[in-house]
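Structure file work_10.txt with compact mmCIF, C-alpha atoms and all ligand atoms:
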```
# COMPACT_ATOMS: atom_id res chain seq x y z
CA MET A 1 -24.22 -9.00 -19.55
CA LEU A 2 -22.18 -7.06 -22.13
CA ILE A 3 -20.87 -3.71 -20.91
CA LEU A 4 -19.26 -1.06 -23.10
CA GLY A 5 -16.53 0.70 -21.08
CA ILE A 6 -15.30 4.17 -22.07
CA GLU A 7 -12.15 5.79 -20.65
CA THR A 8 -10.89 9.30 -21.51
CA SER A 9 -9.59 10.58 -18.16
CA CYS A 10 -6.09 11.42 -19.33
CA ASP A 11 -4.27 11.03 -22.66
CA ASP A 12 -5.57 7.68 -23.96
CA THR A 13 -8.90 7.30 -25.75
CA ALA A 14 -10.09 3.81 -24.83
CA ALA A 15 -13.18 1.63 -25.24
CA ALA A 16 -13.83 -2.04 -24.53
CA VAL A 17 -16.58 -4.63 -24.51
CA VAL A 18 -16.50 -6.90 -21.44
CA GLU A 19 -18.80 -9.80 -20.56
CA ASP A 20 -19.93 -10.16 -16.92
CA GLY A 21 -16.98 -8.11 -15.63
CA LEU A 22 -14.57 -10.93 -16.52
CA VAL A 23 -14.22 -11.78 -20.19
CA VAL A 24 -12.66 -9.17 -22.47
CA ARG A 25 -14.34 -9.32 -25.88
CA SER A 26 -12.36 -6.29 -27.12
CA SER A 27 -10.12 -3.55 -25.73
CA ILE A 28 -9.07 -0.68 -27.97
CA VAL A 29 -6.66 2.04 -26.80
CA ALA A 30 -5.67 5.01 -28.98
CA SER A 31 -2.52 6.46 -27.43
CA GLN A 32 -1.69 10.16 -27.71
CA ASP A 33 2.03 9.75 -26.92
CA ASP A 34 2.93 11.08 -30.38
CA ILE A 35 1.36 14.47 -29.53
CA HIS A 36 2.46 14.91 -25.92
CA SER A 37 6.03 13.59 -26.28
CA LEU A 38 6.78 16.75 -28.31
CA TYR A 39 6.12 18.78 -25.16
CA GLY A 40 7.69 16.43 -22.59
CA GLY A 41 4.35 15.93 -20.81
CA ILE A 42 0.58 15.97 -21.26
CA VAL A 43 -0.96 19.17 -22.65
CA PRO A 44 -4.58 19.01 -21.40
CA GLU A 45 -6.15 21.07 -24.21
CA LEU A 46 -4.51 18.93 -26.89
CA ALA A 47 -5.63 15.78 -25.07
CA SER A 48 -9.29 16.92 -25.13
CA ARG A 49 -9.13 17.78 -28.82
CA ARG A 50 -7.69 14.38 -29.72
CA HIS A 51 -10.37 12.63 -27.61
CA ILE A 52 -13.06 14.42 -29.66
CA GLU A 53 -11.51 13.09 -32.88
CA MET A 54 -10.96 9.56 -31.59
CA ILE A 55 -13.95 8.71 -29.40
CA ILE A 56 -16.33 7.58 -32.17
CA PRO A 57 -13.77 5.53 -34.17
CA VAL A 58 -12.45 3.89 -30.99
CA VAL A 59 -15.94 2.91 -29.77
CA GLU A 60 -16.91 1.65 -33.25
CA ARG A 61 -13.74 -0.45 -33.38
CA SER A 62 -14.36 -1.90 -29.93
CA LEU A 63 -17.81 -3.10 -31.06
CA LYS A 64 -16.50 -4.45 -34.37
CA THR A 65 -13.59 -6.31 -32.73
CA ALA A 66 -15.98 -7.84 -30.18
CA GLY A 67 -18.21 -8.94 -33.08
CA VAL A 68 -21.27 -7.17 -31.66
CA ALA A 69 -23.60 -4.31 -32.62
CA ILE A 70 -24.64 -1.50 -30.28
CA GLY A 71 -28.02 -3.29 -29.94
CA ASP A 72 -26.24 -6.21 -28.21
CA ILE A 73 -24.81 -3.97 -25.47
CA ASP A 74 -26.59 -4.11 -22.08
CA GLY A 75 -25.05 -1.07 -20.39
CA VAL A 76 -22.49 1.71 -20.66
CA ALA A 77 -19.77 2.47 -18.08
CA VAL A 78 -17.71 5.63 -18.30
CA THR A 79 -14.88 7.18 -16.26
CA GLN A 80 -16.27 10.14 -14.33
CA GLY A 81 -13.04 11.06 -12.52
CA PRO A 82 -10.52 11.75 -11.24
CA GLY A 83 -8.58 13.07 -14.21
CA LEU A 84 -8.31 16.02 -16.58
CA VAL A 85 -11.72 17.66 -16.56
CA GLY A 86 -11.75 18.53 -20.29
CA SER A 87 -10.77 14.97 -21.23
CA ILE A 88 -13.36 13.44 -18.90
CA LEU A 89 -16.11 15.65 -20.34
CA ILE A 90 -15.57 14.18 -23.83
CA GLY A 91 -16.04 10.57 -22.71
CA LEU A 92 -18.83 11.47 -20.31
CA SER A 93 -20.84 13.52 -22.83
CA PHE A 94 -20.43 10.80 -25.46
CA ALA A 95 -21.49 8.06 -23.02
CA LYS A 96 -24.51 10.06 -21.84
CA SER A 97 -25.63 10.72 -25.41
CA LEU A 98 -25.20 7.08 -26.41
CA SER A 99 -27.02 5.80 -23.39
CA TYR A 100 -29.84 8.35 -23.80
CA SER A 101 -30.32 7.63 -27.50
CA ARG A 102 -30.21 3.82 -27.09
CA GLY A 103 -32.07 3.66 -23.76
CA LEU A 104 -29.13 1.91 -22.10
CA PRO A 105 -28.32 2.04 -18.37
CA LEU A 106 -25.30 4.25 -17.68
CA THR A 107 -22.93 4.17 -14.74
CA GLY A 108 -20.07 6.53 -13.84
CA VAL A 109 -16.87 4.86 -12.66
CA ASN A 110 -14.05 6.09 -10.41
CA HIS A 111 -10.84 5.61 -12.41
CA ILE A 112 -8.65 4.66 -9.39
CA GLU A 113 -11.20 2.18 -8.10
CA ALA A 114 -11.36 0.65 -11.60
CA HIS A 115 -7.59 0.00 -12.05
CA PRO A 116 -7.54 -3.08 -9.73
CA MET A 117 -10.49 -4.63 -11.63
CA ALA A 118 -7.94 -5.42 -14.35
CA ALA A 119 -6.89 -8.36 -12.14
CA PHE A 120 -10.22 -10.09 -12.89
CA LEU A 121 -9.96 -9.70 -16.67
CA SER A 122 -8.93 -12.28 -19.23
CA GLU A 123 -9.83 -13.24 -22.77
CA ALA A 124 -12.28 -16.12 -23.18
CA GLY A 125 -10.61 -19.46 -22.43
CA GLN A 126 -7.64 -18.03 -20.53
CA GLY A 127 -7.40 -18.46 -16.79
CA ALA A 128 -6.31 -15.60 -14.54
CA LYS A 129 -4.99 -15.57 -10.99
CA VAL A 130 -7.88 -13.56 -9.63
CA PRO A 131 -7.65 -11.92 -6.20
CA GLU A 132 -9.69 -13.09 -3.22
CA PHE A 133 -11.70 -10.65 -1.07
CA PRO A 134 -10.75 -8.82 1.01
CA PHE A 135 -7.72 -7.60 -0.91
CA VAL A 136 -5.42 -4.59 -0.92
CA ALA A 137 -4.72 -2.89 -4.25
CA LEU A 138 -1.57 -0.89 -4.91
CA VAL A 139 -2.51 1.49 -7.74
CA VAL A 140 0.63 3.03 -9.19
CA SER A 141 0.18 5.23 -12.24
CA GLY A 142 1.14 8.58 -13.72
CA GLY A 143 -1.52 10.34 -11.65
CA HIS A 144 -1.89 8.17 -8.53
CA THR A 145 -0.08 6.14 -5.93
CA THR A 146 -2.77 4.76 -3.68
CA LEU A 147 -3.36 1.76 -1.43
CA LEU A 148 -7.02 0.70 -1.39
CA TYR A 149 -8.67 -1.95 0.78
CA PHE A 150 -11.54 -3.72 -1.04
CA ASP A 151 -14.04 -5.91 0.78
CA SER A 152 -16.27 -6.29 -2.29
CA PHE A 153 -16.23 -5.09 -5.88
CA THR A 154 -17.99 -1.86 -4.99
CA SER A 155 -16.85 -1.25 -1.41
CA TYR A 156 -13.38 0.04 -0.65
CA LYS A 157 -11.47 2.53 1.47
CA VAL A 158 -8.22 4.41 0.85
CA ILE A 159 -5.59 3.27 3.39
CA GLY A 160 -2.54 5.10 2.00
CA GLN A 161 -1.57 7.54 -0.72
CA THR A 162 1.16 9.81 -1.99
CA LEU A 163 1.57 13.14 -0.26
CA ASP A 164 3.11 14.72 -3.37
CA ASP A 165 4.10 13.17 -6.73
CA ALA A 166 2.71 9.90 -8.07
CA ALA A 167 5.20 7.06 -8.69
CA GLY A 168 4.71 7.21 -12.48
CA GLU A 169 5.12 10.99 -12.42
CA ALA A 170 8.48 10.48 -10.64
CA PHE A 171 9.55 7.94 -13.30
CA ASP A 172 8.53 10.43 -16.01
CA LYS A 173 10.33 13.38 -14.38
CA VAL A 174 13.54 11.42 -13.76
CA ALA A 175 13.43 10.16 -17.37
CA LYS A 176 13.17 13.78 -18.51
CA LEU A 177 16.17 14.77 -16.35
CA LEU A 178 18.14 11.90 -17.93
CA GLY A 179 17.07 12.90 -21.47
CA LEU A 180 15.08 9.69 -22.00
CA GLY A 181 11.88 11.27 -23.41
CA TYR A 182 8.20 11.02 -22.44
CA PRO A 183 6.54 8.88 -21.13
CA GLY A 184 9.62 7.74 -19.27
CA GLY A 185 8.70 4.72 -17.14
CA GLY A 186 9.49 2.12 -19.80
CA ALA A 187 12.72 3.95 -20.81
CA ILE A 188 13.98 4.06 -17.19
CA GLU A 189 13.34 0.34 -16.87
CA ARG A 190 15.18 -0.38 -20.15
CA VAL A 191 18.37 1.57 -19.35
CA ALA A 192 18.34 0.46 -15.68
CA ARG A 193 18.92 -3.14 -16.81
CA THR A 194 22.59 -2.42 -17.48
CA GLY A 195 23.06 -0.02 -14.54
CA GLU A 196 24.36 -0.64 -11.01
CA ALA A 197 21.91 0.71 -8.45
CA ALA A 198 24.43 0.42 -5.60
CA LYS A 199 26.64 3.06 -7.28
CA VAL A 200 23.89 5.69 -6.78
CA PRO A 201 22.57 5.56 -3.20
CA LEU A 202 19.29 7.48 -2.95
CA PRO A 203 16.86 8.17 -0.08
CA ARG A 204 13.77 6.02 0.65
CA PRO A 205 11.31 8.70 1.83
CA LEU A 206 8.55 8.14 4.44
CA MET A 207 9.86 4.76 5.54
CA SER A 208 8.91 5.07 9.20
CA ARG A 209 7.56 1.70 10.24
CA GLY A 210 3.94 1.13 9.37
CA SER A 211 3.34 4.35 7.41
CA LEU A 212 1.21 3.59 4.34
CA ASP A 213 1.69 7.01 2.72
CA PHE A 214 4.23 7.72 -0.01
CA SER A 215 6.41 10.65 -1.04
CA PHE A 216 8.39 10.82 -4.28
CA SER A 217 9.26 14.49 -4.72
CA GLY A 218 12.31 14.28 -2.37
CA LEU A 219 13.61 11.29 -4.32
CA LYS A 220 13.28 13.22 -7.57
CA THR A 221 15.20 16.17 -6.07
CA ALA A 222 17.91 13.79 -4.83
CA VAL A 223 18.27 12.46 -8.42
CA LEU A 224 18.54 16.05 -9.69
CA ASN A 225 21.35 16.73 -7.18
CA VAL A 226 23.23 13.60 -8.28
CA ILE A 227 22.94 14.72 -11.93
CA LYS A 228 24.13 18.26 -11.12
CA GLY A 229 27.10 16.84 -9.23
CA ARG A 230 28.28 14.76 -12.18
CA GLY A 231 28.42 17.29 -15.02
CA ALA A 232 28.08 15.73 -18.50
CA LEU A 233 26.54 12.27 -18.13
CA THR A 234 27.98 9.20 -19.83
CA GLU A 235 25.73 6.34 -20.93
CA ILE A 236 26.95 4.38 -17.90
CA ASP A 237 26.00 7.27 -15.56
CA VAL A 238 22.50 7.37 -17.07
CA SER A 239 22.07 3.61 -16.55
CA ASP A 240 23.38 3.72 -12.99
CA ILE A 241 21.20 6.69 -12.00
CA ALA A 242 18.13 5.07 -13.60
CA ALA A 243 18.87 1.82 -11.74
CA GLY A 244 19.44 3.65 -8.43
CA PHE A 245 16.18 5.57 -8.81
CA GLN A 246 14.16 2.52 -9.86
CA GLU A 247 15.49 0.51 -6.91
CA ALA A 248 14.62 3.30 -4.45
CA ALA A 249 11.08 3.68 -5.86
CA VAL A 250 10.50 -0.09 -5.94
CA ASP A 251 11.84 -0.53 -2.38
CA THR A 252 9.29 1.97 -1.08
CA LEU A 253 6.38 0.49 -3.04
CA VAL A 254 7.17 -3.09 -1.98
CA GLN A 255 7.66 -2.20 1.70
CA LYS A 256 4.36 -0.28 1.88
CA ALA A 257 2.56 -3.13 0.13
CA ILE A 258 3.87 -5.57 2.77
CA TRP A 259 2.85 -3.23 5.60
CA SER A 260 -0.62 -2.80 4.10
CA ILE A 261 -1.14 -6.57 4.22
CA GLU A 262 0.13 -6.66 7.82
CA ALA A 263 -2.17 -3.79 8.80
CA THR A 264 -5.36 -5.42 7.47
CA ASP A 265 -7.05 -8.82 7.34
CA ALA A 266 -6.39 -9.00 3.55
CA ARG A 267 -4.22 -11.86 2.29
CA SER A 268 -4.39 -10.90 -1.40
CA LEU A 269 -2.60 -8.02 -3.09
CA VAL A 270 -3.40 -6.57 -6.51
CA LEU A 271 -0.79 -4.53 -8.35
CA ALA A 272 -2.37 -2.13 -10.85
CA GLY A 273 -1.79 1.05 -12.90
CA GLY A 274 0.80 1.84 -15.59
CA VAL A 275 3.82 1.46 -13.26
CA ALA A 276 2.68 -2.15 -12.67
CA CYS A 277 4.17 -2.85 -16.14
CA ASN A 278 7.61 -2.49 -14.48
CA HIS A 279 9.31 -5.90 -14.36
CA ARG A 280 11.57 -5.07 -11.42
CA LEU A 281 8.52 -4.09 -9.35
CA ARG A 282 6.67 -7.27 -10.40
CA GLU A 283 9.69 -9.42 -9.56
CA ARG A 284 10.33 -7.81 -6.15
CA LEU A 285 6.63 -7.99 -5.19
CA SER A 286 6.39 -11.60 -6.22
CA GLU A 287 9.46 -12.45 -4.03
CA ALA A 288 7.77 -10.56 -1.16
CA ALA A 289 4.51 -12.48 -1.72
CA SER A 290 6.28 -15.87 -1.48
CA ARG A 291 8.32 -14.78 1.53
CA GLU A 292 5.42 -13.15 3.44
CA GLY A 293 2.76 -15.62 2.36
CA PHE A 294 0.23 -13.42 0.54
CA ARG A 295 -1.43 -13.99 -2.82
CA LEU A 296 -0.31 -11.61 -5.58
CA SER A 297 -2.37 -10.77 -8.66
CA VAL A 298 -0.74 -8.76 -11.41
CA PRO A 299 -2.90 -8.04 -14.46
CA GLU A 300 -1.60 -8.44 -18.01
CA ALA A 301 0.44 -5.35 -18.94
CA ARG A 302 -2.17 -4.12 -21.45
CA PHE A 303 -4.77 -4.00 -18.65
CA CYS A 304 -2.37 -2.26 -16.22
CA SER A 305 -2.11 1.00 -18.17
CA ASP A 306 -5.31 2.95 -18.87
CA ASN A 307 -7.96 0.97 -20.76
CA GLY A 308 -11.73 0.71 -21.18
CA ALA A 309 -11.94 -2.92 -20.02
CA MET A 310 -11.26 -2.10 -16.36
CA ILE A 311 -13.99 0.58 -16.56
CA ALA A 312 -16.46 -1.92 -18.05
CA ALA A 313 -15.53 -4.50 -15.36
CA LEU A 314 -16.33 -2.19 -12.44
CA GLY A 315 -19.30 -0.75 -14.36
CA TYR A 316 -20.80 -4.24 -14.63
CA HIS A 317 -20.91 -4.60 -10.83
CA GLN A 318 -22.27 -1.06 -10.37
CA ILE A 319 -25.04 -1.60 -12.94
CA ALA A 320 -25.88 -4.99 -11.37
CA MET A 321 -26.40 -3.26 -8.00
CA GLY A 322 -28.44 -0.44 -9.58
CA ALA A 323 -25.88 2.37 -9.18
CA LEU A 324 -26.94 4.31 -12.27
CA GLY A 325 -25.71 7.72 -13.43
CA ASN A 326 -27.51 10.94 -14.19
CA LEU A 327 -28.05 11.68 -17.88
CA ASP A 328 -28.35 15.43 -17.32
CA MET A 329 -25.83 17.00 -19.72
CA ASN A 330 -25.36 19.98 -17.38
CA ALA A 331 -24.40 17.87 -14.38
CA ILE A 332 -20.81 18.66 -13.46
CA PRO A 333 -18.70 15.53 -13.17
CA THR A 334 -17.09 14.91 -9.81
CA TRP A 335 -15.63 11.66 -8.71
CA GLU A 336 -18.34 11.14 -6.10
CA GLY A 337 -21.17 11.18 -8.62
CA PHE A 338 -22.73 13.03 -11.52
O1 LIG B 401 -2.12 3.99 -15.55
P1 LIG B 401 -1.45 4.81 -16.61
O2 LIG B 401 -1.45 4.28 -18.02
O3 LIG B 401 -2.05 6.25 -16.69
C1 LIG B 401 -2.46 6.98 -15.56
O4 LIG B 401 -3.58 6.72 -15.03
O5 LIG B 401 -1.62 7.81 -15.14
O6 LIG B 401 0.06 5.05 -16.10
C2 LIG B 401 1.01 5.76 -16.87
C3 LIG B 401 2.31 5.81 -16.08
C4 LIG B 401 3.35 6.74 -16.70
O7 LIG B 401 3.84 7.60 -15.69
C5 LIG B 401 4.44 5.79 -17.20
O8 LIG B 401 5.73 6.35 -17.19
C6 LIG B 401 4.30 4.66 -16.20
O9 LIG B 401 2.92 4.50 -16.02
N1 LIG B 401 4.91 3.42 -16.71
C7 LIG B 401 5.97 2.79 -16.14
C8 LIG B 401 6.29 1.68 -16.97
N2 LIG B 401 5.41 1.66 -18.02
C9 LIG B 401 4.57 2.73 -17.84
N3 LIG B 401 6.66 3.09 -15.03
C10 LIG B 401 7.70 2.27 -14.71
N4 LIG B 401 8.08 1.21 -15.46
C11 LIG B 401 7.41 0.87 -16.60
N5 LIG B 401 7.79 -0.19 -17.32
ZN ZN B 402 -4.88 5.25 -14.78
```
Show me this structure written as structure tokens.
Ligand code: KG4
Ligand code: ZN
Amino acid sequence: MLILGIETSCDDTAAAVVEDGLVVRSSIVASQDDIHSLYGGIVPELASRRHIEMIIPVVERSLKTAGVAIGDIDGVAVTQGPGLVGSILIGLSFAKSLSYSRGLPLTGVNHIEAHPMAAFLSEAGQGAKVPEFPFVALVVSGGHTTLLYFDSFTSYKVIGQTLDDAAGEAFDKVAKLLGLGYPGGGAIERVARTGEAAKVPLPRPLMSRGSLDFSFSGLKTAVLNVIKGRGALTEIDVSDIAAGFQEAAVDTLVQKAIWSIEATDARSLVLAGGVACNHRLRERLSEAASREGFRLSVPEARFCSDNGAMIAALGYHQIAMGALGNLDMNAIPTWEGF
């Protein structure tokens, strides 16, 4: 079954064609970083406008790259939330119109639930270390830091989440404080390579034993206080602070991941979301997996950040079980249903 996946929940316009929830025939992502970096963060109205311009070319390119025509597609999956409502409406209205005009089944996908599906994706011929059910997924992105327990593709529960900022948001805000631009996760990782984390001791919030919730706003404030205390920053200061922050954030994420495995019957962990691109986090989690004896699946970096393939993958399972969406154009999207 070939599913067209459409993702417009934030600042990337993305579409992909995926076969049977596993094989990626194409995955096209049009980034909007050029627009939002001018403002140091995402401007929702500008994001919606760019989605309107990009949605048709991105979908056309996803079909062309996959070597298929719209008549070959068996179903459409689209992000219905959570995210920026204006951005979501563009993808959702487009997907509804396409599915109505072509008589294709449509399903609405929860963006956070879709991120871990990236662990099942590969291009034809490549093998992937797919997770085994039940598994815990640590979804770490610009908008979310959530631990989810999955006992099947379409059945999950939230077992932990951030009480304030998301991990990626903290990376972005600290990068801004250090003058590293937006989005800042990759820049923090780059400068942290030459820094000494031990020179900048920072708090590890919410680390009481067993707690699966996260908090990053205190860590961000602690970084701000370190910066204020130093006056003009040298390049070495910037690297040390970035390294200290990254180590504190990674410590928390790794510890909660270990506790989530201990708290459930899952023996597989999936790392997903844009922050999963971070090599230090990947390295520390993989050491933890060998030490603690759980299976770790980390998707390819291009499927960690927002993409249409993860939406198509979850959409495939939803369509197969008959969970179809409402084509009513006036239905207000919520993340429970539309
Ligand atoms: O999943 P994603 O593409 O979009 C959302 O759903 O939010 O995640 C984007 C987030 C941004 O906050 C970005 O700074 C962060 O992922 N990110 C990273 C790295 N690459 C991207 N954070 C830490 N280290 C990285 N290498
Ligand atoms: Zn995301």
Could you build a table of the residues in segment 283-316 of chain A lying no more than 8 Å from segment 248-265 of chain A, giving for each the nearest pair of atoms and their separation in Å rounded to one decimal place, using all atoms listed in the file, ordered by chain and ascending residue number, as JSON lines?
```
{"residue": "A:Arg284", "atom": "CA", "partner": "A:Val254", "partner_atom": "CA", "distance": 7.0}
{"residue": "A:Leu285", "atom": "CA", "partner": "A:Val254", "partner_atom": "CA", "distance": 5.9}
{"residue": "A:Ala288", "atom": "CA", "partner": "A:Ile258", "partner_atom": "CA", "distance": 7.5}
{"residue": "A:Glu292", "atom": "CA", "partner": "A:Ile258", "partner_atom": "CA", "distance": 7.8}
{"residue": "A:Phe294", "atom": "CA", "partner": "A:Ile261", "partner_atom": "CA", "distance": 7.9}
```
_Top pick for closest residue to ligand LIG 401 (chain B), considering A:Asn307, A:Ser62, A:Ser286, A:Ser215 and counting only C-alpha atoms and all ligand atoms_ =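 With only C-alpha atoms and all ligand atoms as the atom set, the closest residue is A:Asn307.
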Which neighbours of Thr13 of chain A fall inside 9 Å, counting only C-alpha atoms, when residues of the same chain fewer than 4 positions from it are skipped, and could you give them as a compact mmCIF listing (two decimals) with C-alpha atoms, in the frame of the given file?
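This is the output file result.txt:
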```txt
# COMPACT_ATOMS: atom_id res chain seq x y z
CA ILE A 6 -15.30 4.17 -22.07
CA GLU A 7 -12.15 5.79 -20.65
CA THR A 8 -10.89 9.30 -21.51
CA SER A 9 -9.59 10.58 -18.16
CA ILE A 28 -9.07 -0.68 -27.97
CA VAL A 29 -6.66 2.04 -26.80
CA ALA A 30 -5.67 5.01 -28.98
CA SER A 31 -2.52 6.46 -27.43
CA GLN A 32 -1.69 10.16 -27.71
CA ARG A 50 -7.69 14.38 -29.72
CA HIS A 51 -10.37 12.63 -27.61
CA MET A 54 -10.96 9.56 -31.59
CA ILE A 55 -13.95 8.71 -29.40
CA VAL A 58 -12.45 3.89 -30.99
CA GLY A 91 -16.04 10.57 -22.71
CA ASP A 306 -5.31 2.95 -18.87
CA ASN A 307 -7.96 0.97 -20.76
CA GLY A 308 -11.73 0.71 -21.18
```
*Neighbour residues at most 10 Å from (-10.2, -8.0, -17.3) (all atoms listed in the file) as an MDAnalysis selection string*: chainID A and resid 18:25 27 115:123 128 130 299:300 302:304 307:314
Between chain A and ligand LIG 401 (chain B), at 6 Å or less, what are the per-residue closest atom pairs and their distances in Å? Count only C-alpha atoms and all ligand atoms, order by chain and rising residue number, and return it as JSON lines.
```
{"residue": "A:Ser141", "atom": "CA", "partner": "B:LIG401", "partner_atom": "O6", "distance": 3.9}
{"residue": "A:Gly142", "atom": "CA", "partner": "B:LIG401", "partner_atom": "O5", "distance": 3.2}
{"residue": "A:Gly143", "atom": "CA", "partner": "B:LIG401", "partner_atom": "O5", "distance": 4.3}
{"residue": "A:Gly168", "atom": "CA", "partner": "B:LIG401", "partner_atom": "O7", "distance": 3.3}
{"residue": "A:Glu169", "atom": "CA", "partner": "B:LIG401", "partner_atom": "O7", "distance": 4.9}
{"residue": "A:Phe171", "atom": "CA", "partner": "B:LIG401", "partner_atom": "O8", "distance": 5.7}
{"residue": "A:Asp172", "atom": "CA", "partner": "B:LIG401", "partner_atom": "O8", "distance": 5.1}
{"residue": "A:Pro183", "atom": "CA", "partner": "B:LIG401", "partner_atom": "O8", "distance": 4.8}
{"residue": "A:Gly184", "atom": "CA", "partner": "B:LIG401", "partner_atom": "O8", "distance": 4.6}
{"residue": "A:Gly185", "atom": "CA", "partner": "B:LIG401", "partner_atom": "N3", "distance": 3.4}
{"residue": "A:Gly186", "atom": "CA", "partner": "B:LIG401", "partner_atom": "N5", "distance": 3.8}
{"residue": "A:Glu189", "atom": "CA", "partner": "B:LIG401", "partner_atom": "N4", "distance": 5.5}
{"residue": "A:Gly273", "atom": "CA", "partner": "B:LIG401", "partner_atom": "O1", "distance": 4.0}
{"residue": "A:Gly274", "atom": "CA", "partner": "B:LIG401", "partner_atom": "O6", "distance": 3.3}
{"residue": "A:Val275", "atom": "CA", "partner": "B:LIG401", "partner_atom": "N3", "distance": 3.7}
{"residue": "A:Cys277", "atom": "CA", "partner": "B:LIG401", "partner_atom": "N5", "distance": 4.6}
{"residue": "A:Asn278", "atom": "CA", "partner": "B:LIG401", "partner_atom": "N5", "distance": 3.7}
{"residue": "A:Ser305", "atom": "CA", "partner": "B:LIG401", "partner_atom": "O2", "distance": 3.3}
{"residue": "A:Asp306", "atom": "CA", "partner": "B:LIG401", "partner_atom": "O2", "distance": 4.2}
```
_Rounded to one decimal, what separation in Å do you get between atom CA of Pro203 of chain A and atom CA of Lys157 of chain A?_
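About the pair atom CA of Pro203 of chain A and atom CA of Lys157 of chain A: they are 28.9 Å apart.
With only C-alpha atoms and all ligand atoms as the basis for measurement, A:Thr146 is the residue among A:Ser93, A:Thr146, A:Ser26, A:Thr65 that approaches ligand ZN 402 (chain B) most closely.
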